[in-house]
Structures are given as C-alpha cells and as structure tokens.
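Listing of target_30.txt, compact mmCIF, C-alpha atoms
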# COMPACT_ATOMS: atom_id res chain seq x y z
CA MET T 7 10.56 -8.02 15.85
CA SER T 8 12.63 -10.17 13.49
CA GLY T 9 15.27 -8.76 11.20
CA GLU T 10 13.60 -10.29 8.15
CA SER T 11 12.25 -7.65 5.75
CA ALA T 12 8.56 -7.69 4.85
CA LEU T 13 9.18 -5.52 1.80
CA PRO T 14 8.39 -6.96 -1.64
CA ALA T 15 11.29 -7.49 -4.02
CA ALA T 16 12.07 -4.37 -6.02
CA ALA T 17 11.00 -4.15 -9.65
CA ARG T 18 13.84 -2.94 -11.84
CA ALA T 19 13.28 -0.94 -15.02
CA GLU T 20 15.74 -1.38 -17.85
CA LEU T 21 15.30 1.53 -20.25
CA SER T 22 16.16 -0.62 -23.26
CA ALA T 23 13.73 -3.41 -22.30
CA PRO T 24 10.11 -3.69 -23.50
CA VAL T 25 7.44 -2.15 -21.28
CA ARG T 26 5.87 -5.63 -20.95
CA GLU T 27 8.94 -6.80 -19.04
CA LEU T 28 8.51 -4.12 -16.38
CA TRP T 29 4.75 -4.79 -16.29
CA LEU T 30 5.27 -8.48 -15.56
CA GLN T 31 7.74 -7.60 -12.80
CA ARG T 32 5.17 -5.29 -11.25
CA ILE T 33 2.42 -7.92 -11.36
CA HIS T 34 4.71 -10.45 -9.71
CA GLN T 35 5.73 -7.86 -7.11
CA LEU T 36 2.18 -6.99 -6.02
CA LEU T 37 1.49 -10.67 -5.30
CA PHE T 38 3.97 -10.34 -2.41
CA ASP T 39 3.00 -6.89 -1.17
CA SER T 40 1.20 -6.13 2.10
CA TYR T 41 -0.39 -3.49 4.31
CA LEU T 42 -0.06 -3.66 8.11
CA GLY T 43 1.52 -7.05 7.52
CA VAL T 44 -1.62 -8.31 5.74
CA PRO T 45 -1.36 -9.21 2.01
CA LEU T 46 -2.58 -6.41 -0.26
CA HIS T 47 -2.48 -7.21 -3.97
CA LYS T 48 -2.93 -3.83 -5.68
CA LEU T 49 -0.63 -1.53 -7.61
CA PRO T 50 0.38 1.59 -5.64
CA GLU T 51 -0.76 3.66 -8.63
CA ASP T 52 -4.26 2.19 -8.40
CA LEU T 53 -4.38 2.74 -4.65
CA ARG T 54 -3.50 6.39 -5.23
CA VAL T 55 -6.36 6.72 -7.73
CA TYR T 56 -8.72 5.15 -5.18
CA GLU T 57 -7.59 7.77 -2.67
CA HIS T 58 -8.49 10.55 -5.11
CA LEU T 59 -11.90 9.00 -5.86
CA LEU T 60 -12.75 8.55 -2.18
CA TRP T 61 -11.92 12.18 -1.48
CA GLU T 62 -13.56 13.68 -4.57
CA SER T 63 -16.81 11.76 -4.07
CA ALA T 64 -16.90 12.37 -0.29
CA CYS T 65 -17.42 8.63 0.08
CA ASP T 66 -17.97 7.38 3.64
CA THR T 67 -18.70 3.73 2.80
CA VAL T 68 -16.72 1.32 0.64
CA ILE T 69 -18.43 -1.86 -0.50
CA GLU T 70 -15.62 -4.26 -1.34
CA LEU T 71 -16.48 -7.37 -3.35
CA GLY T 72 -13.66 -9.82 -2.73
CA THR T 73 -12.01 -9.64 0.70
CA ASN T 74 -9.28 -12.26 0.34
CA LEU T 75 -7.05 -11.86 3.45
CA GLY T 76 -8.32 -8.38 4.27
CA GLY T 77 -5.41 -6.07 3.48
CA SER T 78 -7.39 -3.83 1.14
CA ALA T 79 -10.35 -3.60 3.56
CA LEU T 80 -7.96 -2.29 6.21
CA TRP T 81 -6.43 0.12 3.70
CA PHE T 82 -9.84 1.47 2.65
CA ARG T 83 -10.91 1.81 6.29
CA ASP T 84 -7.76 3.73 7.21
CA ARG T 85 -8.12 6.11 4.26
CA LEU T 86 -11.71 6.85 5.25
CA ALA T 87 -10.69 7.28 8.89
CA THR T 88 -8.08 9.84 7.82
CA PHE T 89 -10.65 11.75 5.77
CA ALA T 90 -13.00 11.73 8.76
CA ALA T 91 -10.23 13.22 10.90
CA TYR T 92 -9.99 16.07 8.36
CA GLY T 93 -13.76 16.60 8.45
CA ARG T 94 -14.41 15.39 4.91
CA ILE T 95 -16.80 12.66 6.06
CA ARG T 96 -18.29 11.52 9.33
CA ARG T 97 -18.15 7.82 10.20
CA PRO T 98 -15.97 5.55 8.03
CA HIS T 99 -17.46 2.18 7.11
CA VAL T 100 -16.12 -0.67 4.97
CA ILE T 101 -18.44 -3.53 4.03
CA THR T 102 -16.27 -6.32 2.66
CA ILE T 103 -17.69 -9.47 1.10
CA ASP T 104 -16.30 -12.90 0.29
CA ILE T 105 -17.48 -16.48 0.07
CA SER T 106 -15.50 -17.24 3.23
CA ALA T 107 -14.49 -14.58 5.77
CA GLU T 108 -12.53 -16.76 8.19
CA ARG T 109 -9.02 -15.81 7.06
CA ALA T 110 -9.84 -12.11 6.87
CA ARG T 111 -11.35 -12.22 10.35
CA GLU T 112 -8.10 -13.70 11.64
CA SER T 113 -6.12 -10.93 9.93
CA PHE T 114 -8.33 -8.20 11.38
CA ASP T 115 -8.17 -9.66 14.89
CA ALA T 116 -4.38 -9.75 14.70
CA VAL T 117 -3.90 -6.08 13.80
CA ASP T 118 -6.96 -4.29 15.23
CA PRO T 119 -9.15 -5.76 18.01
CA ASP T 120 -11.70 -2.95 17.41
CA TRP T 121 -12.10 -3.53 13.67
CA ARG T 122 -15.82 -4.33 14.02
CA ASP T 123 -16.48 -0.65 14.79
CA THR T 124 -15.63 0.29 11.20
CA ILE T 125 -15.56 -2.91 9.12
CA THR T 126 -18.47 -5.26 8.43
CA LEU T 127 -17.63 -8.72 7.09
CA VAL T 128 -20.32 -10.38 4.97
CA GLU T 129 -20.12 -13.92 3.64
CA GLY T 130 -21.75 -14.61 0.29
CA ASP T 131 -21.33 -15.28 -3.41
CA VAL T 132 -21.49 -12.23 -5.68
CA GLU T 133 -23.42 -14.33 -8.21
CA ASP T 134 -26.21 -14.87 -5.65
CA PRO T 135 -28.96 -12.29 -6.37
CA ALA T 136 -29.94 -12.26 -2.68
CA LEU T 137 -26.53 -10.95 -1.57
CA ALA T 138 -27.21 -7.32 -2.51
CA GLU T 139 -30.30 -7.23 -0.30
CA GLU T 140 -28.29 -8.63 2.59
CA VAL T 141 -25.72 -5.86 2.09
CA ARG T 142 -28.46 -3.23 1.90
CA ARG T 143 -29.41 -4.09 5.47
CA VAL T 144 -25.99 -2.95 6.72
CA VAL T 145 -25.52 0.09 4.47
CA GLY T 146 -26.41 3.29 6.32
CA PRO T 147 -29.50 5.16 5.03
CA ASP T 148 -27.46 8.24 4.09
CA ALA T 149 -24.31 6.42 3.04
CA ARG T 150 -22.27 7.60 0.07
CA CYS T 151 -20.81 4.41 -1.36
CA LEU T 152 -17.94 3.49 -3.62
CA VAL T 153 -17.97 -0.10 -4.87
CA SER T 154 -14.73 -1.98 -5.50
CA GLU T 155 -15.13 -5.25 -7.41
CA ASP T 156 -12.25 -7.71 -7.04
CA THR T 157 -13.80 -11.16 -7.36
CA ALA T 158 -13.14 -13.95 -9.88
CA HIS T 159 -12.50 -11.70 -12.95
CA THR T 160 -14.77 -13.75 -15.19
CA HIS T 161 -17.60 -12.48 -17.38
CA GLU T 162 -20.21 -14.06 -15.11
CA SER T 163 -18.88 -12.75 -11.80
CA THR T 164 -18.21 -9.26 -13.14
CA LEU T 165 -21.65 -8.95 -14.69
CA ALA T 166 -23.32 -10.22 -11.50
CA ALA T 167 -21.39 -7.67 -9.43
CA LEU T 168 -22.38 -4.79 -11.69
CA ARG T 169 -26.03 -5.84 -11.74
CA GLY T 170 -26.25 -6.39 -8.02
CA PHE T 171 -24.18 -3.57 -6.56
CA SER T 172 -24.25 -0.59 -8.93
CA GLN T 173 -27.48 0.41 -7.16
CA PHE T 174 -25.41 1.56 -4.17
CA VAL T 175 -23.40 4.14 -6.14
CA PRO T 176 -24.83 7.69 -5.92
CA PRO T 177 -24.78 10.16 -8.85
CA GLY T 178 -21.19 11.28 -9.31
CA GLY T 179 -19.92 8.23 -7.43
CA PHE T 180 -17.72 5.40 -8.63
CA PHE T 181 -17.80 1.66 -9.25
CA VAL T 182 -14.31 0.28 -9.86
CA VAL T 183 -14.08 -3.05 -11.66
CA GLU T 184 -10.60 -4.35 -10.96
CA ASP T 185 -8.13 -6.25 -13.13
CA GLY T 186 -9.55 -5.78 -16.62
CA PHE T 187 -5.97 -6.23 -17.79
CA VAL T 188 -6.69 -9.97 -17.88
CA ASP T 189 -8.43 -9.34 -21.22
CA VAL T 190 -5.44 -7.56 -22.80
CA GLU T 191 -3.19 -10.14 -24.43
CA GLU T 192 0.00 -8.11 -23.97
CA MET T 193 -0.70 -7.74 -20.24
CA ARG T 194 -1.66 -11.32 -19.38
CA PRO T 195 1.01 -12.96 -17.18
CA ALA T 196 -0.03 -16.54 -17.97
CA PRO T 197 -2.45 -18.42 -20.27
CA ASP T 198 -4.48 -19.86 -17.39
CA TRP T 199 -5.52 -16.49 -15.94
CA PRO T 200 -9.28 -15.77 -16.17
CA ARG T 201 -10.95 -13.63 -18.84
CA GLY T 202 -14.23 -11.78 -19.33
CA VAL T 203 -14.02 -8.58 -17.29
CA GLN T 204 -14.14 -6.14 -20.19
CA SER T 205 -16.83 -8.03 -22.11
CA ALA T 206 -19.03 -7.96 -18.99
CA ILE T 207 -18.50 -4.21 -18.52
CA ARG T 208 -19.40 -3.50 -22.15
CA GLU T 209 -22.50 -5.70 -22.03
CA TRP T 210 -23.70 -4.02 -18.87
CA LEU T 211 -23.02 -0.47 -20.09
CA ALA T 212 -25.00 -1.20 -23.26
CA GLY T 213 -28.03 -2.18 -21.18
CA GLU T 214 -28.93 -1.52 -17.56
CA GLY T 215 -25.64 0.32 -16.90
CA ALA T 216 -26.40 3.14 -19.32
CA GLY T 217 -26.32 5.62 -16.43
CA PHE T 218 -22.58 5.01 -16.00
CA ARG T 219 -19.63 5.92 -18.20
CA VAL T 220 -16.07 4.62 -18.41
CA ARG T 221 -13.49 7.09 -17.09
CA ARG T 222 -10.38 6.06 -19.04
CA ASP T 223 -8.75 9.31 -17.94
CA LEU T 224 -8.58 7.98 -14.38
CA ALA T 225 -5.59 5.80 -15.22
CA LEU T 226 -3.74 8.82 -13.85
CA TYR T 227 -0.26 7.37 -13.45
CA GLY T 228 0.25 5.71 -16.83
CA ILE T 229 -0.15 2.17 -15.52
CA THR T 230 -3.21 0.40 -14.11
CA CYS T 231 -4.60 -3.06 -13.52
CA HIS T 232 -8.13 -1.74 -13.95
CA VAL T 233 -8.33 -1.34 -17.73
CA GLU T 234 -11.75 0.17 -18.63
CA GLY T 235 -12.77 -0.44 -15.01
CA TYR T 236 -13.15 3.08 -13.61
CA LEU T 237 -16.91 3.65 -13.94
CA GLN T 238 -18.74 6.79 -12.79
CA ARG T 239 -22.49 7.18 -12.38
CA VAL T 240 -23.61 10.18 -14.40
CA ALA T 241 -27.39 9.69 -14.18
CA ASP T 242 -29.97 8.12 -11.87
Would you mind giving the structure from this file in structure tokens?
Amino acid sequence: MSGESALPAAARAELSAPVRELWLQRIHQLLFDSYLGVPLHKLPEDLRVYEHLLWESACDTVIELGTNLGGSALWFRDRLATFAAYGRIRRPHVITIDISAERARESFDAVDPDWRDTITLVEGDVEDPALAEEVRRVVGPDARCLVSEDTAHTHESTLAALRGFSQFVPPGGFFVVEDGFVDVEEMRPAPDWPRGVQSAIREWLAGEGAGFRVRRDLALYGITCHVEGYLQRVAD
C-alpha cells in the first residue's frame, strides 16, 4: 500500500463568503471522490438520503441508469447487503446500465471477484425504448425497485428515462433524477454543462407521470445535487 492519500481535497467554508463559493468547492471535490477506490461522484448528503429511501421503501433492487466506472453501483449493493444482514430485505440486487460497461466491469473485477452474484451489468442507451424490456427480463418478479437516473442530464435523456423506467417503481417507492442543479443558474459550475433535467421532469409529471409527486422535503441536509429530482409514486 502506497503512502499517497486517496482522500479528496477538503472543501473549506469561509463564513463571510457567498454560499455559491462553498457549493462550487463541493462540486469540484466530488469529481475526485471514490468508494472502495472506485470513483463515486455523489455528494455525501445525497448518499445519506438514498440510504434513508432504500430503508424506508424496503427496496431490494436498485436500477441505476448511468454506471460510469461503477463506484455508485458498489455503494448501492453494499447498502442493500447491509440491510439484508439486518433482515430488512432478502437478496440485494443492483441492475446498472450504461452504453458501455467495460470500464465498470474492470472496476468490479478489481475489488470483488463475486460481484456477479449481486450486480447485473446491462449495456444500452436509455433513449432506446427496447432497453426497459431488456431490464425487465432481469428484474425479479417480486422485486421492490428504486430507480436512480444519472445519465446525460439533458431534456431528452431524462424524459426517456422517466418514460421507460418509472414502471419499475412500486407504490410508495422512489425514482431519483440526479443533478437537476444543472438548470439552476446560481449552481451551474460552467456554461458548457448540460441543461434540461427539470423541464423534462415537469413535462413528464404533467402527463404520464401524474402518479408521482416531487418530494422537495427530501433535500434533508440543506444541500443537494438533485434539485426537484426526488420523485415518489403515490398512485398506480
């Protein structure tokens, strides 16, 4: 083991500085964060909210749209495995989806040779209508799913994800659309970041997503990347 630290650089709050300054530090910091040595680009506050939602909904299956290098899939799997050890659920299962799974497969092989027992990697484009049916074939018949959407953060990709994968969320369950902060001018780190997450959510809720509602109260810790993105199914 080398002496080089794998910790991200600390974000430093100056009480006299604008909140935006701390926010930008935090966004930069998460780009260099990791879990089990695998990159994981999520705020700790949002991960803590996920932990609450997984427990409260007795979720045993996470459908993750957007695998990247696989750090969050491992994190979700380990949270579910812990809940199974406490008897909250039975078998943990993470179904994680990306256009290319090669890099994630390498990450999983490096940290857990038995990852295939609890993680299913699916290759596909969230904008492909056939992808949801492919995922349905690997979702257990009695699965209680939470869907985490972390794809391109455009209007088109977000809307496609909601249309294709909200069907897997049971009544009382959750669909989390990540990184809606890209549509808030004061929170955008750079002009070239994508846009369209919040407009897609609103369009979908006004139509076929009428059985869901936005849970703004789930930004529990005063800071979140997922602005307007915590969605709960309240009706079939």
Worksheet item: Leaving out region 45-52 of chain T and any residue of its chain fewer than 2 positions from it, which residues lie within 12 Å of it when counting only C-alpha atoms, given as a PyMOL selection string?
Response: chain T and resi 12-14+29+31-43+54-59+72-82+109-110+113-114+154+156+182-185+224-233+235-236
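The coordinates place CA of Leu211 (chain T) at 24.2 Å from CA of Ala149 (chain T).
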Worksheet item: Which protein, DNA or RNA residues are at most 8 Å from (-22.2, 5.5, -12.1) in the file's coordinates when you count all atoms listed in the file, listed as a ChimeraX atom specification?
Response: /T:172,175-181,215,217-219,237-241
Store the residues picked out above in a file with C-alpha atoms, as an mmCIF file, in the frame of the given file.
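selection.cif, freshly written:
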data_model
loop_
_atom_site.group_PDB
_atom_site.id
_atom_site.type_symbol
_atom_site.label_atom_id
_atom_site.label_comp_id
_atom_site.auth_asym_id
_atom_site.auth_seq_id
_atom_site.Cartn_x
_atom_site.Cartn_y
_atom_site.Cartn_z
ATOM 1 C CA SER T 172 -24.250 -0.590 -8.930
ATOM 2 C CA VAL T 175 -23.400 4.140 -6.140
ATOM 3 C CA PRO T 176 -24.830 7.690 -5.920
ATOM 4 C CA PRO T 177 -24.780 10.160 -8.850
ATOM 5 C CA GLY T 178 -21.190 11.280 -9.310
ATOM 6 C CA GLY T 179 -19.920 8.230 -7.430
ATOM 7 C CA PHE T 180 -17.720 5.400 -8.630
ATOM 8 C CA PHE T 181 -17.800 1.660 -9.250
ATOM 9 C CA GLY T 215 -25.640 0.320 -16.900
ATOM 10 C CA GLY T 217 -26.320 5.620 -16.430
ATOM 11 C CA PHE T 218 -22.580 5.010 -16.000
ATOM 12 C CA ARG T 219 -19.630 5.920 -18.200
ATOM 13 C CA LEU T 237 -16.910 3.650 -13.940
ATOM 14 C CA GLN T 238 -18.740 6.790 -12.790
ATOM 15 C CA ARG T 239 -22.490 7.180 -12.380
ATOM 16 C CA VAL T 240 -23.610 10.180 -14.400
ATOM 17 C CA ALA T 241 -27.390 9.690 -14.180
#
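Counting from CA of Gly213 (chain T), the distance to CA of Leu165 (chain T) is 11.3 Å.
For the pair CA of Val44 (chain T) and CA of Ala116 (chain T), the interatomic distance is 9.5 Å.
Minimum atom-to-atom distances from T:Val117, T:Val190, T:Val68, T:Ala136 to Ala166 (chain T) were compared using all atoms listed in the file, and the lowest value belongs to T:Ala136.
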Response to the item:
Counting only C-alpha atoms, closest pick from T:Gly146, T:Glu139, T:Val153, T:Asp84 relative to Thr102 (chain T) is T:Val153
Worksheet entry | Among listed residues T:Glu209, T:Asp198, T:Glu112, T:Glu192, nearest Pro24 (chain T) (using only C-alpha atoms) | T:Glu192
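Among the candidates T:Glu214, T:Ala17, T:Leu152, T:His99, the residue lying nearest to Trp61 (chain T) is T:Leu152 (atoms considered: only C-alpha atoms).
Each of T:Thr88, T:Ser22, T:Thr124, T:Thr157 was compared to Leu60 (chain T) using only C-alpha atoms, and T:Thr88 turns out to be the nearest.
Each of T:Arg111, T:Arg221, T:Arg122, T:Arg150 was checked against Ile95 (chain T) using only C-alpha atoms; the smallest atom-to-atom distance is that of T:Arg150.
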